[in-house]
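Novice: Dropping in final-v1.csv, which is CSV, C-alpha atoms:
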```csv
chain,number,residue,atom,x,y,z
A,1,MET,CA,-22.5,9.3,-13.9
A,2,ALA,CA,-24.4,6.2,-12.9
A,3,THR,CA,-22.7,3.6,-10.6
A,4,LYS,CA,-23.5,0.3,-9.1
A,5,PHE,CA,-21.6,1.1,-5.9
A,6,SER,CA,-23.3,2.5,-2.9
A,7,LYS,CA,-23.2,6.0,-1.3
A,8,GLU,CA,-21.5,4.5,1.7
A,9,THR,CA,-18.8,2.9,-0.4
A,10,TYR,CA,-18.0,6.2,-2.2
A,11,LEU,CA,-17.9,8.2,1.0
A,12,TYR,CA,-15.6,5.6,2.6
A,13,TRP,CA,-13.3,5.7,-0.5
A,14,TYR,CA,-13.3,9.5,-0.5
A,15,GLU,CA,-12.4,9.8,3.2
A,16,LEU,CA,-9.7,7.1,3.1
A,17,MET,CA,-8.1,8.6,0.0
A,18,GLN,CA,-8.3,12.0,1.5
A,19,LEU,CA,-6.6,10.8,4.7
A,20,ILE,CA,-3.8,9.2,2.7
A,21,ARG,CA,-3.3,12.3,0.5
A,22,GLN,CA,-3.3,14.8,3.4
A,23,PHE,CA,-1.1,12.6,5.6
A,24,GLU,CA,1.5,12.3,2.8
A,25,LEU,CA,1.5,16.0,2.0
A,26,LYS,CA,1.8,16.9,5.6
A,27,ALA,CA,4.6,14.4,6.2
A,28,GLU,CA,6.5,15.7,3.2
A,29,GLU,CA,6.1,19.2,4.7
A,30,MET,CA,7.5,18.1,8.0
A,31,TYR,CA,10.3,16.2,6.4
A,32,LYS,CA,11.5,19.4,4.7
A,33,MET,CA,11.7,21.1,8.1
A,34,ALA,CA,15.2,20.3,9.3
A,35,GLY,CA,15.4,17.5,11.8
A,36,LYS,CA,11.7,16.6,11.9
A,37,ILE,CA,11.7,13.4,9.8
A,38,ARG,CA,14.9,11.8,8.6
A,39,GLY,CA,15.9,8.9,6.3
A,40,PHE,CA,14.1,7.8,3.2
A,41,PHE,CA,10.6,8.8,2.4
A,42,HIS,CA,8.4,7.5,-0.4
A,43,ALA,CA,5.0,9.1,-0.9
A,44,TYR,CA,1.9,7.3,-2.0
A,45,VAL,CA,0.3,10.4,-3.6
A,46,GLY,CA,-1.5,9.5,-6.8
A,47,GLN,CA,-1.9,5.8,-5.9
A,48,GLU,CA,-4.7,6.1,-3.3
A,49,ALA,CA,-7.3,4.4,-5.4
A,50,ILE,CA,-5.5,1.1,-5.1
A,51,ALA,CA,-5.6,1.2,-1.3
A,52,ALA,CA,-9.3,2.2,-1.4
A,53,GLY,CA,-10.4,-0.5,-3.8
A,54,CYS,CA,-8.4,-3.2,-2.1
A,55,MET,CA,-10.0,-2.4,1.3
A,56,THR,CA,-13.6,-2.8,0.1
A,57,ALA,CA,-12.8,-6.0,-1.7
A,58,THR,CA,-11.2,-7.7,1.4
A,59,ASN,CA,-11.8,-8.5,5.0
A,60,PRO,CA,-10.0,-6.9,8.0
A,61,ALA,CA,-8.3,-10.2,8.8
A,62,ASP,CA,-6.7,-10.5,5.3
A,63,PRO,CA,-3.0,-9.7,5.6
A,64,PHE,CA,-1.4,-6.9,3.5
A,65,ILE,CA,2.3,-6.8,2.8
A,66,THR,CA,4.1,-4.2,0.6
A,67,ALA,CA,7.4,-2.5,-0.2
A,68,TYR,CA,8.8,0.8,1.2
A,69,ARG,CA,6.0,3.0,-0.2
A,70,ASP,CA,3.9,1.8,2.7
A,71,HIS,CA,2.3,4.8,4.5
A,72,GLY,CA,-0.9,4.7,2.4
A,73,LEU,CA,-1.6,1.0,2.8
A,74,GLY,CA,-0.8,1.1,6.5
A,75,LEU,CA,-3.4,3.9,7.0
A,76,ALA,CA,-5.9,2.0,4.8
A,77,LYS,CA,-5.5,-1.1,7.1
A,78,GLY,CA,-6.6,1.0,10.1
A,79,MET,CA,-3.3,2.1,11.6
A,80,SER,CA,-3.8,5.4,13.2
A,81,ALA,CA,-2.3,8.6,11.8
A,82,ASN,CA,-0.8,9.2,15.2
A,83,SER,CA,1.2,6.0,15.2
A,84,CYS,CA,2.2,6.4,11.6
A,85,MET,CA,3.5,10.0,12.0
A,86,ALA,CA,5.3,9.1,15.2
A,87,GLU,CA,7.1,6.3,13.3
A,88,LEU,CA,8.2,8.8,10.7
A,89,TYR,CA,9.6,10.9,13.5
A,90,GLY,CA,11.4,7.9,15.0
A,91,LYS,CA,9.4,8.1,18.3
A,92,ALA,CA,8.7,5.3,20.7
A,93,THR,CA,4.9,5.6,20.1
A,94,GLY,CA,5.4,4.8,16.4
A,95,CYS,CA,3.9,1.7,14.9
A,96,SER,CA,7.3,0.1,14.8
A,97,LYS,CA,8.4,1.7,18.1
A,98,GLY,CA,10.4,4.3,16.2
A,99,LYS,CA,12.8,1.7,14.9
A,100,GLY,CA,11.6,1.3,11.4
A,101,GLY,CA,10.9,4.7,10.0
A,102,SER,CA,9.2,5.4,6.7
A,103,MET,CA,10.1,2.1,5.0
A,104,HIS,CA,9.2,-0.3,7.8
A,105,PHE,CA,5.6,0.3,9.0
A,106,PHE,CA,4.2,-2.7,10.8
A,107,SER,CA,1.1,-3.7,12.8
A,108,ALA,CA,0.2,-7.3,13.6
A,109,GLU,CA,-3.0,-6.0,15.2
A,110,HIS,CA,-4.1,-4.5,11.9
A,111,ARG,CA,-2.7,-7.4,9.8
A,112,PHE,CA,-0.2,-5.1,8.1
A,113,PHE,CA,3.2,-6.9,7.7
A,114,GLY,CA,5.4,-4.2,6.3
A,115,GLY,CA,7.0,-2.0,4.8
A,116,HIS,CA,10.1,-3.7,3.3
A,117,GLY,CA,13.2,-1.9,2.2
A,118,ILE,CA,14.7,-4.6,0.1
A,119,VAL,CA,13.3,-4.5,-3.4
A,120,GLY,CA,11.1,-7.5,-4.0
A,121,ALA,CA,11.7,-9.2,-0.7
A,122,GLN,CA,8.1,-8.9,0.3
A,123,ILE,CA,7.1,-11.1,-2.7
A,124,GLY,CA,8.5,-14.2,-1.1
A,125,THR,CA,7.4,-13.2,2.4
A,126,GLY,CA,3.9,-12.6,1.1
A,127,ALA,CA,3.7,-16.1,-0.2
A,128,GLY,CA,5.0,-17.3,3.2
A,129,LEU,CA,2.2,-15.5,4.9
A,130,ALA,CA,-0.2,-17.2,2.6
A,131,PHE,CA,1.3,-20.6,3.3
A,132,ALA,CA,0.8,-19.9,7.0
A,133,GLU,CA,-2.8,-19.0,6.5
A,134,LYS,CA,-3.4,-22.2,4.5
A,135,TYR,CA,-1.5,-24.3,7.0
A,136,MET,CA,-3.6,-22.9,9.9
A,137,GLY,CA,-6.8,-23.5,7.9
A,138,THR,CA,-8.0,-19.9,7.9
A,139,ASP,CA,-10.2,-18.3,5.2
A,140,ASN,CA,-7.8,-15.4,4.9
A,141,VAL,CA,-6.2,-14.1,1.7
A,142,VAL,CA,-2.9,-12.3,1.5
A,143,LEU,CA,-2.5,-9.2,-0.7
A,144,CYS,CA,1.1,-8.8,-1.6
A,145,PHE,CA,2.0,-5.5,-3.2
A,146,PHE,CA,5.2,-4.6,-5.2
A,147,GLY,CA,6.3,-2.2,-7.9
A,148,ASP,CA,7.2,-2.6,-11.5
A,149,GLY,CA,10.9,-2.5,-10.6
A,150,ALA,CA,10.5,-5.4,-8.2
A,151,ALA,CA,8.9,-7.4,-11.0
A,152,ARG,CA,12.5,-7.8,-12.4
A,153,GLN,CA,13.7,-9.6,-9.3
A,154,GLY,CA,14.4,-13.3,-9.5
A,155,ILE,CA,12.4,-14.0,-6.3
A,156,LEU,CA,9.2,-13.2,-8.2
A,157,HIS,CA,9.6,-16.2,-10.5
A,158,GLU,CA,10.5,-18.6,-7.7
A,159,THR,CA,7.6,-17.4,-5.6
A,160,PHE,CA,5.1,-17.6,-8.5
A,161,ASN,CA,6.1,-21.2,-9.2
A,162,LEU,CA,5.6,-22.4,-5.6
A,163,ALA,CA,2.5,-20.3,-5.1
A,164,MET,CA,0.8,-22.0,-8.0
A,165,LEU,CA,2.2,-25.4,-7.1
A,166,TRP,CA,0.8,-25.2,-3.6
A,167,LYS,CA,-2.3,-23.1,-4.6
A,168,LEU,CA,-1.6,-20.5,-2.0
A,169,PRO,CA,-4.3,-17.9,-1.1
A,170,VAL,CA,-2.3,-14.9,-2.2
A,171,ILE,CA,-3.0,-12.0,-4.7
A,172,PHE,CA,0.2,-10.5,-6.2
A,173,ILE,CA,-0.5,-6.8,-6.9
A,174,CYS,CA,2.0,-5.0,-9.1
A,175,GLU,CA,1.5,-1.2,-8.6
A,176,ASN,CA,2.9,-0.2,-12.0
A,177,ASN,CA,3.6,3.5,-11.7
A,178,ASN,CA,5.8,3.5,-14.8
A,179,TYR,CA,9.1,4.0,-13.2
A,180,ALA,CA,11.5,1.8,-11.2
A,181,MET,CA,13.1,4.7,-9.3
A,182,GLY,CA,13.9,6.8,-12.4
A,183,THR,CA,14.0,4.0,-15.0
A,184,SER,CA,11.0,3.4,-17.3
A,185,ILE,CA,9.8,-0.2,-17.8
A,186,GLN,CA,10.5,0.1,-21.5
A,187,ARG,CA,14.2,0.3,-20.7
A,188,THR,CA,14.3,-2.7,-18.4
A,189,SER,CA,12.3,-5.4,-20.1
A,190,ASN,CA,11.0,-6.7,-23.4
A,191,VAL,CA,7.8,-7.6,-21.6
A,192,VAL,CA,6.2,-4.3,-20.7
A,193,ASP,CA,2.8,-5.8,-19.7
A,194,ILE,CA,3.7,-7.2,-16.4
A,195,TYR,CA,0.5,-9.2,-16.0
A,196,LYS,CA,1.8,-11.5,-18.8
A,197,LEU,CA,4.5,-12.8,-16.5
A,198,ALA,CA,1.9,-15.0,-14.9
A,199,ASP,CA,1.4,-16.9,-18.1
A,200,ALA,CA,4.6,-19.0,-17.6
A,201,TYR,CA,3.0,-20.4,-14.4
A,202,ASP,CA,-0.6,-20.8,-15.7
A,203,MET,CA,-1.5,-18.2,-13.0
A,204,PRO,CA,-4.7,-16.2,-13.6
A,205,ALA,CA,-3.8,-12.6,-14.3
A,206,ASP,CA,-5.5,-9.2,-14.9
A,207,MET,CA,-4.6,-5.7,-15.8
A,208,VAL,CA,-6.7,-2.8,-14.5
A,209,ASP,CA,-6.8,1.0,-14.2
A,210,GLY,CA,-5.3,1.6,-10.8
A,211,MET,CA,-6.5,5.2,-10.8
A,212,THR,CA,-10.1,4.0,-10.4
A,213,PRO,CA,-11.2,2.4,-7.2
A,214,GLU,CA,-14.2,0.8,-8.8
A,215,LEU,CA,-12.1,-1.3,-11.2
A,216,VAL,CA,-9.5,-2.1,-8.5
A,217,HIS,CA,-12.4,-3.4,-6.3
A,218,GLU,CA,-13.9,-5.6,-9.0
A,219,SER,CA,-10.6,-7.1,-10.0
A,220,VAL,CA,-9.5,-7.8,-6.4
A,221,SER,CA,-12.9,-9.2,-5.5
A,222,ARG,CA,-12.6,-11.8,-8.3
A,223,ALA,CA,-9.2,-12.8,-7.2
A,224,VAL,CA,-10.2,-13.0,-3.5
A,225,LYS,CA,-13.1,-15.2,-4.4
A,226,ARG,CA,-10.8,-17.5,-6.4
A,227,ALA,CA,-8.3,-17.7,-3.5
A,228,ARG,CA,-10.9,-18.3,-0.8
A,229,SER,CA,-12.3,-21.2,-2.8
A,230,GLY,CA,-8.9,-22.9,-2.9
A,231,ASP,CA,-7.9,-22.1,-6.5
A,232,GLY,CA,-4.7,-20.3,-5.6
A,233,PRO,CA,-3.0,-17.0,-6.5
A,234,THR,CA,-3.7,-14.3,-9.1
A,235,LEU,CA,-1.4,-11.6,-10.5
A,236,ILE,CA,-3.0,-8.2,-11.0
A,237,GLU,CA,-1.1,-5.4,-12.7
A,238,MET,CA,-2.6,-2.0,-11.6
A,239,LYS,CA,-1.6,0.8,-13.9
A,240,THR,CA,-1.1,3.8,-11.7
A,241,TYR,CA,1.1,6.9,-11.3
A,242,ARG,CA,2.9,8.6,-8.5
A,243,TYR,CA,2.7,12.4,-8.5
A,244,LYS,CA,5.8,12.8,-6.4
A,245,GLY,CA,9.3,11.6,-7.1
A,246,HIS,CA,10.5,8.1,-6.3
A,247,SER,CA,11.6,9.4,-3.0
A,248,ILE,CA,11.7,12.8,-1.4
A,249,SER,CA,15.2,13.5,-2.8
A,250,ASP,CA,14.3,12.6,-6.4
A,251,PRO,CA,14.8,15.5,-8.8
A,252,GLN,CA,12.5,13.8,-11.4
A,253,LYS,CA,14.6,14.7,-14.4
A,254,TYR,CA,13.5,11.5,-16.2
A,255,ARG,CA,10.0,12.7,-16.8
A,256,SER,CA,8.5,16.0,-18.0
A,257,LYS,CA,6.2,18.3,-16.2
A,258,GLU,CA,3.7,17.9,-19.0
A,259,GLU,CA,3.6,14.1,-18.3
A,260,VAL,CA,2.9,14.7,-14.6
A,261,GLU,CA,0.2,17.2,-15.4
A,262,GLU,CA,-1.4,14.8,-17.9
A,263,TYR,CA,-1.7,12.2,-15.2
A,264,LYS,CA,-3.1,14.7,-12.7
A,265,ASP,CA,-6.1,14.9,-15.0
A,266,GLN,CA,-6.8,11.3,-13.9
A,267,ASP,CA,-6.5,12.2,-10.2
A,268,PRO,CA,-8.4,9.3,-8.3
A,269,LEU,CA,-9.6,11.7,-5.6
A,270,THR,CA,-11.2,14.0,-8.2
A,271,LYS,CA,-12.8,11.1,-9.9
A,272,VAL,CA,-14.4,9.8,-6.7
A,273,LYS,CA,-15.5,13.4,-5.7
A,274,ASN,CA,-17.1,13.9,-9.1
A,275,THR,CA,-19.0,10.6,-8.9
A,276,ILE,CA,-20.3,11.5,-5.4
A,277,LEU,CA,-21.5,14.9,-6.5
A,278,SER,CA,-23.0,13.7,-9.8
A,279,ASN,CA,-25.0,11.0,-8.0
A,280,LYS,CA,-26.0,13.4,-5.2
A,281,PHE,CA,-24.4,11.1,-2.6
A,282,ALA,CA,-23.2,14.3,-0.9
A,283,LYS,CA,-22.9,18.0,-1.4
A,284,GLU,CA,-19.8,20.1,-1.7
A,285,GLU,CA,-20.1,21.3,1.8
A,286,ASP,CA,-20.4,17.7,3.1
A,287,LEU,CA,-17.1,16.8,1.3
A,288,LEU,CA,-15.5,19.9,2.7
A,289,ALA,CA,-16.5,18.9,6.1
A,290,ILE,CA,-14.7,15.5,5.5
A,291,ASP,CA,-11.6,17.4,4.2
A,292,ASN,CA,-11.6,19.6,7.3
A,293,ARG,CA,-12.0,16.6,9.7
A,294,ILE,CA,-9.2,14.8,8.0
A,295,ALA,CA,-7.0,17.9,8.2
A,296,GLN,CA,-7.6,18.0,11.9
A,297,VAL,CA,-6.6,14.3,12.3
A,298,VAL,CA,-3.4,14.9,10.4
A,299,GLU,CA,-2.5,18.0,12.4
A,300,GLU,CA,-3.1,16.1,15.6
A,301,SER,CA,-0.8,13.4,14.4
A,302,VAL,CA,2.0,15.9,14.0
A,303,LYS,CA,1.3,17.2,17.5
A,304,PHE,CA,1.3,13.7,18.8
A,305,ALA,CA,4.6,12.9,17.1
A,306,GLU,CA,6.2,16.1,18.3
A,307,GLU,CA,5.3,15.4,21.9
A,308,SER,CA,6.1,11.7,22.0
A,309,PRO,CA,9.3,10.4,23.6
A,310,TRP,CA,12.3,9.1,21.9
A,311,PRO,CA,12.9,5.3,22.3
A,312,ASP,CA,14.9,4.4,25.3
A,313,GLU,CA,18.4,3.1,24.8
A,314,SER,CA,17.4,-0.2,26.4
A,315,GLU,CA,15.1,-0.8,23.3
A,316,LEU,CA,18.1,-0.9,20.9
A,317,LEU,CA,18.5,-4.7,20.6
A,318,LYS,CA,14.9,-5.7,21.4
A,319,ASP,CA,12.7,-7.1,18.6
A,320,VAL,CA,15.9,-8.0,16.7
A,321,TYR,CA,16.7,-11.5,17.9
A,322,ILE,CA,14.2,-14.0,19.3
A,323,ASP,CA,14.7,-15.0,22.9
A,324,GLN,CA,16.9,-18.1,22.9
A,325,ASN,CA,14.8,-19.6,25.7
A,326,TYR,CA,11.5,-19.2,23.8
A,327,VAL,CA,9.7,-22.6,23.3
A,328,PHE,CA,7.6,-22.9,20.2
A,329,ASP,CA,4.1,-24.4,20.8
A,330,VAL,CA,3.6,-26.9,17.9
A,331,ASP,CA,0.3,-28.3,19.2
```
Go ahead and express the file in the form of structure tokens.
Specialist:
Amino acid sequence: MATKFSKETYLYWYELMQLIRQFELKAEEMYKMAGKIRGFFHAYVGQEAIAAGCMTATNPADPFITAYRDHGLGLAKGMSANSCMAELYGKATGCSKGKGGSMHFFSAEHRFFGGHGIVGAQIGTGAGLAFAEKYMGTDNVVLCFFGDGAARQGILHETFNLAMLWKLPVIFICENNNYAMGTSIQRTSNVVDIYKLADAYDMPADMVDGMTPELVHESVSRAVKRARSGDGPTLIEMKTYRYKGHSISDPQKYRSKEEVEEYKDQDPLTKVKNTILSNKFAKEEDLLAIDNRIAQVVEESVKFAEESPWPDESELLKDVYIDQNYVFDVD
């Protein structure tokens, strides 16, 4: 299977996707052990190719913002497995100091701005981040991720209008995994091709196979180039699939086991692995060594979370309200 991407790119994709996959599976395991992880939990298993392709098409300074299915993108942006697992545990060493949990990962250092529990809220906030980047004169492009369910929120249309009017450097990425919780897109809209929603605003749009990092990379690269040149936003619909339920408590009665198995034949990790092997970029034992190294990283993250302290009571109201004595520097 010939490819125009380098060995280094494929090995990076494989390692990142394996990290996301193993982290999510281990976190799910710890969730099911009473008292280890509480609250909501939405796994990214099956959607790893989107994170991988987006990372190689962007710069580290480019901000990412997403919904509550945020673990995978947080890890992709460079947040450590330790800080992510600790956050799931609600520990003080977590990326949000143990206050956010699964749905509210955050790291200004890694340019990852959530993790948002309100469906569609990040769409407007993503445009706000892009406005800030343009206002400050940076060359950064914001990647704003949302699901097919969030595409039904009114904020999307208001945001699209202003993003085009102001030519904001933002890429709206709809991770269309076929179901808004347990409701298929065919039951919620007459327009089932979400990328067509951009037509009303003369916004450039694309639809790609989100189970393939190569196509994700190429589509995002085109959109990033357009945004950096000052031509404004793009909507990309990425057709993907989650192998787990909407959340950990989802019985998944709305889809058949046969459907899930059919999509597992398109497993992005398997695709990347097969391309690596067919192009002799690495041997089976090399990939196994990566798997084992990632497994160790994930196991260490559990140990780190287990041994980390709980937040102190004094932290309860911190990071909620801004200090009333704070003076903004407008110069």
Novice: Could you tell me which of A:Thr138, A:Gly230, A:Lys99, A:Ala198 comes closest to Leu316 in chain A if we count only C-alpha atoms?
Specialist: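 Smallest separation from Leu316 in chain A among the options: A:Lys99.
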Novice: Nearest to Gly128 in chain A among A:Ala92, A:Ala150, A:Asn178, A:Pro63, with distances taken over all atoms listed in the file: which residue is it?
Specialist: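 Once distances to Gly128 in chain A are computed over all atoms listed in the file, the minimum belongs to A:Pro63.
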Novice: Tell me which protein, DNA and RNA residues are within 9 Å of Gly126 in chain A, counting all atoms listed in the file, leaving out same-chain ones fewer than 4 positions away, and put them as a PyMOL selection string.
Specialist: chain A and resi 63-66+113+121-122+130-131+142-145+170+172
Novice: Could you name the residues that touch range 83-88 of chain A at 8 Å or less, counting all atoms listed in the file, but leaving out those on the same chain fewer than 2 positions away, as a ChimeraX atom specification?
Specialist: /A:27,37-38,71,74-75,79-81,90-102,105,301-302,304-306,308
Novice: Can you pull out the residues contacting Leu277 in chain A? Cut-off 10 Å, using only C-alpha atoms, and skip same-chain residues under 5 positions away; I want them as a ChimeraX atom specification.
Specialist: /A:1,272,282-284,287
Novice: Neighbours of Tyr31 in chain A within 10 Å (only C-alpha atoms; same-chain residues fewer than 3 positions away dropped), as a ChimeraX atom specification?
Specialist: /A:25-28,34-41,88-89,248
Novice: Using all atoms listed in the file, which of A:Asn82, A:Asn59, A:Thr240, A:Asn274 sits nearest His110 in chain A?
Specialist: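 Closest candidate: A:Asn59.
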Novice: Let me make sure I understand: among A:Glu29, A:Glu158, A:Asp70, A:Glu313, which one has the smallest atom-to-atom distance to Ala51 in chain A if we use all atoms listed in the file?
Specialist: A:Asp70
Novice: To one decimal place in Å, what is the distance between CA of Ile118 in chain A and CA of Ala67 in chain A?
Specialist: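 Atom-to-atom, CA of Ile118 in chain A to CA of Ala67 in chain A, that is 7.6 Å.
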Novice: Between A:Gly114, A:Gly245, A:Gly78, A:Pro268, which residue has the minimum interatomic distance to Met211 in chain A, considering only C-alpha atoms?
Specialist: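 Ranked by minimum distance to Met211 in chain A, first place goes to A:Pro268.
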Novice: Select, from A:Ile123, A:Ile155, A:Ala76, A:Leu162, the residue with the minimum atom-to-atom distance to Glu48 in chain A, counting only C-alpha atoms.
Specialist: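 Closest residue, counting only C-alpha atoms: A:Ala76.
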Novice: Find the residues around Tyr12 in chain A up to 12 Å (only C-alpha atoms counted), leave out those fewer than 2 positions away in its own chain, and share them as a list in words.
Specialist: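 Close residues of Tyr12 in chain A: Phe5, Ser6, Lys7, Glu8, Thr9, Tyr10, Tyr14, Glu15, Leu16, Met17, Gln18, Leu19, Ala49, Ala51, Ala52, Gly53, Met55, Thr56, Ala76, Pro213, Leu269, Val272, Lys273, Ile276, Phe281, Leu287 and Ile290 of chain A.
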Novice: Would you list the residues near (6.3, -15.7, -11.7), meaning any protein, DNA or RNA residue with an atom at most 10 Å from that point in file coordinates, counting only C-alpha atoms, as number ranges by chain?
Specialist: A: 151, 153-164, 172, 195-203, 235
Novice: If you measure from CA of Asp209 in chain A to CA of Met238 in chain A, what distance in Å do you get, rounded to one decimal?
Specialist: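 Straight-line distance from CA of Asp209 in chain A to CA of Met238 in chain A works out to 5.8 Å.
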Novice: I'd like the interatomic distance between CA of Lys244 in chain A and CA of Ser278 in chain A, to a tenth of an Å.
Specialist: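 If I compute the distance from CA of Lys244 in chain A to CA of Ser278 in chain A, I get 29.0 Å.
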Novice: Mind filling out range 26-46 of chain A with N, CA and C atoms and sending it as a PDB file, keeping the file's coordinate frame?
Specialist:
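Written out: selection_35.pdb:
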```
ATOM      1  N   LYS A  26       1.378  16.363   4.371  1.00  0.00           N
ATOM      2  CA  LYS A  26       1.800  16.900   5.600  1.00  0.00           C
ATOM      3  C   LYS A  26       3.168  16.335   6.056  1.00  0.00           C
ATOM      4  N   ALA A  27       3.317  15.019   5.874  1.00  0.00           N
ATOM      5  CA  ALA A  27       4.600  14.400   6.200  1.00  0.00           C
ATOM      6  C   ALA A  27       5.720  14.896   5.389  1.00  0.00           C
ATOM      7  N   GLU A  28       5.462  15.125   4.114  1.00  0.00           N
ATOM      8  CA  GLU A  28       6.500  15.700   3.200  1.00  0.00           C
ATOM      9  C   GLU A  28       6.879  17.097   3.735  1.00  0.00           C
ATOM     10  N   GLU A  29       5.883  17.853   4.145  1.00  0.00           N
ATOM     11  CA  GLU A  29       6.100  19.200   4.700  1.00  0.00           C
ATOM     12  C   GLU A  29       7.017  19.121   5.919  1.00  0.00           C
ATOM     13  N   MET A  30       6.728  18.175   6.807  1.00  0.00           N
ATOM     14  CA  MET A  30       7.500  18.100   8.000  1.00  0.00           C
ATOM     15  C   MET A  30       8.905  17.504   7.769  1.00  0.00           C
ATOM     16  N   TYR A  31       9.028  16.691   6.737  1.00  0.00           N
ATOM     17  CA  TYR A  31      10.300  16.200   6.400  1.00  0.00           C
ATOM     18  C   TYR A  31      11.274  17.316   5.983  1.00  0.00           C
ATOM     19  N   LYS A  32      10.724  18.267   5.242  1.00  0.00           N
ATOM     20  CA  LYS A  32      11.500  19.400   4.700  1.00  0.00           C
ATOM     21  C   LYS A  32      11.899  20.389   5.796  1.00  0.00           C
ATOM     22  N   MET A  33      11.280  20.268   6.967  1.00  0.00           N
ATOM     23  CA  MET A  33      11.700  21.100   8.100  1.00  0.00           C
ATOM     24  C   MET A  33      12.801  20.392   8.819  1.00  0.00           C
ATOM     25  N   ALA A  34      13.970  20.968   8.811  1.00  0.00           N
ATOM     26  CA  ALA A  34      15.200  20.300   9.300  1.00  0.00           C
ATOM     27  C   ALA A  34      15.001  19.572  10.606  1.00  0.00           C
ATOM     28  N   GLY A  35      15.344  18.306  10.586  1.00  0.00           N
ATOM     29  CA  GLY A  35      15.400  17.500  11.800  1.00  0.00           C
ATOM     30  C   GLY A  35      14.055  16.883  12.224  1.00  0.00           C
ATOM     31  N   LYS A  36      12.963  17.149  11.513  1.00  0.00           N
ATOM     32  CA  LYS A  36      11.700  16.600  11.900  1.00  0.00           C
ATOM     33  C   LYS A  36      11.543  15.116  11.529  1.00  0.00           C
ATOM     34  N   ILE A  37      11.772  14.816  10.258  1.00  0.00           N
ATOM     35  CA  ILE A  37      11.700  13.400   9.800  1.00  0.00           C
ATOM     36  C   ILE A  37      13.009  13.206   8.985  1.00  0.00           C
ATOM     37  N   ARG A  38      13.623  12.063   9.225  1.00  0.00           N
ATOM     38  CA  ARG A  38      14.900  11.800   8.600  1.00  0.00           C
ATOM     39  C   ARG A  38      14.825  10.454   7.814  1.00  0.00           C
ATOM     40  N   GLY A  39      15.886  10.171   7.069  1.00  0.00           N
ATOM     41  CA  GLY A  39      15.900   8.900   6.300  1.00  0.00           C
ATOM     42  C   GLY A  39      15.177   8.985   5.025  1.00  0.00           C
ATOM     43  N   PHE A  40      14.871   7.830   4.495  1.00  0.00           N
ATOM     44  CA  PHE A  40      14.100   7.800   3.200  1.00  0.00           C
ATOM     45  C   PHE A  40      12.666   8.065   3.431  1.00  0.00           C
ATOM     46  N   PHE A  41      12.028   8.475   2.362  1.00  0.00           N
ATOM     47  CA  PHE A  41      10.600   8.800   2.400  1.00  0.00           C
ATOM     48  C   PHE A  41      10.016   8.662   1.019  1.00  0.00           C
ATOM     49  N   HIS A  42       9.057   7.753   0.880  1.00  0.00           N
ATOM     50  CA  HIS A  42       8.400   7.500  -0.400  1.00  0.00           C
ATOM     51  C   HIS A  42       6.928   7.693  -0.307  1.00  0.00           C
ATOM     52  N   ALA A  43       6.429   8.716  -0.975  1.00  0.00           N
ATOM     53  CA  ALA A  43       5.000   9.100  -0.900  1.00  0.00           C
ATOM     54  C   ALA A  43       4.113   8.269  -1.769  1.00  0.00           C
ATOM     55  N   TYR A  44       2.874   8.084  -1.322  1.00  0.00           N
ATOM     56  CA  TYR A  44       1.900   7.300  -2.000  1.00  0.00           C
ATOM     57  C   TYR A  44       0.898   8.181  -2.824  1.00  0.00           C
ATOM     58  N   VAL A  45       1.229   9.457  -2.947  1.00  0.00           N
ATOM     59  CA  VAL A  45       0.300  10.400  -3.600  1.00  0.00           C
ATOM     60  C   VAL A  45       0.102  10.041  -5.052  1.00  0.00           C
ATOM     61  N   GLY A  46      -1.163   9.858  -5.425  1.00  0.00           N
ATOM     62  CA  GLY A  46      -1.500   9.500  -6.800  1.00  0.00           C
ATOM     63  C   GLY A  46      -1.996   8.015  -6.850  1.00  0.00           C
TER      64      GLY A  46
END
```
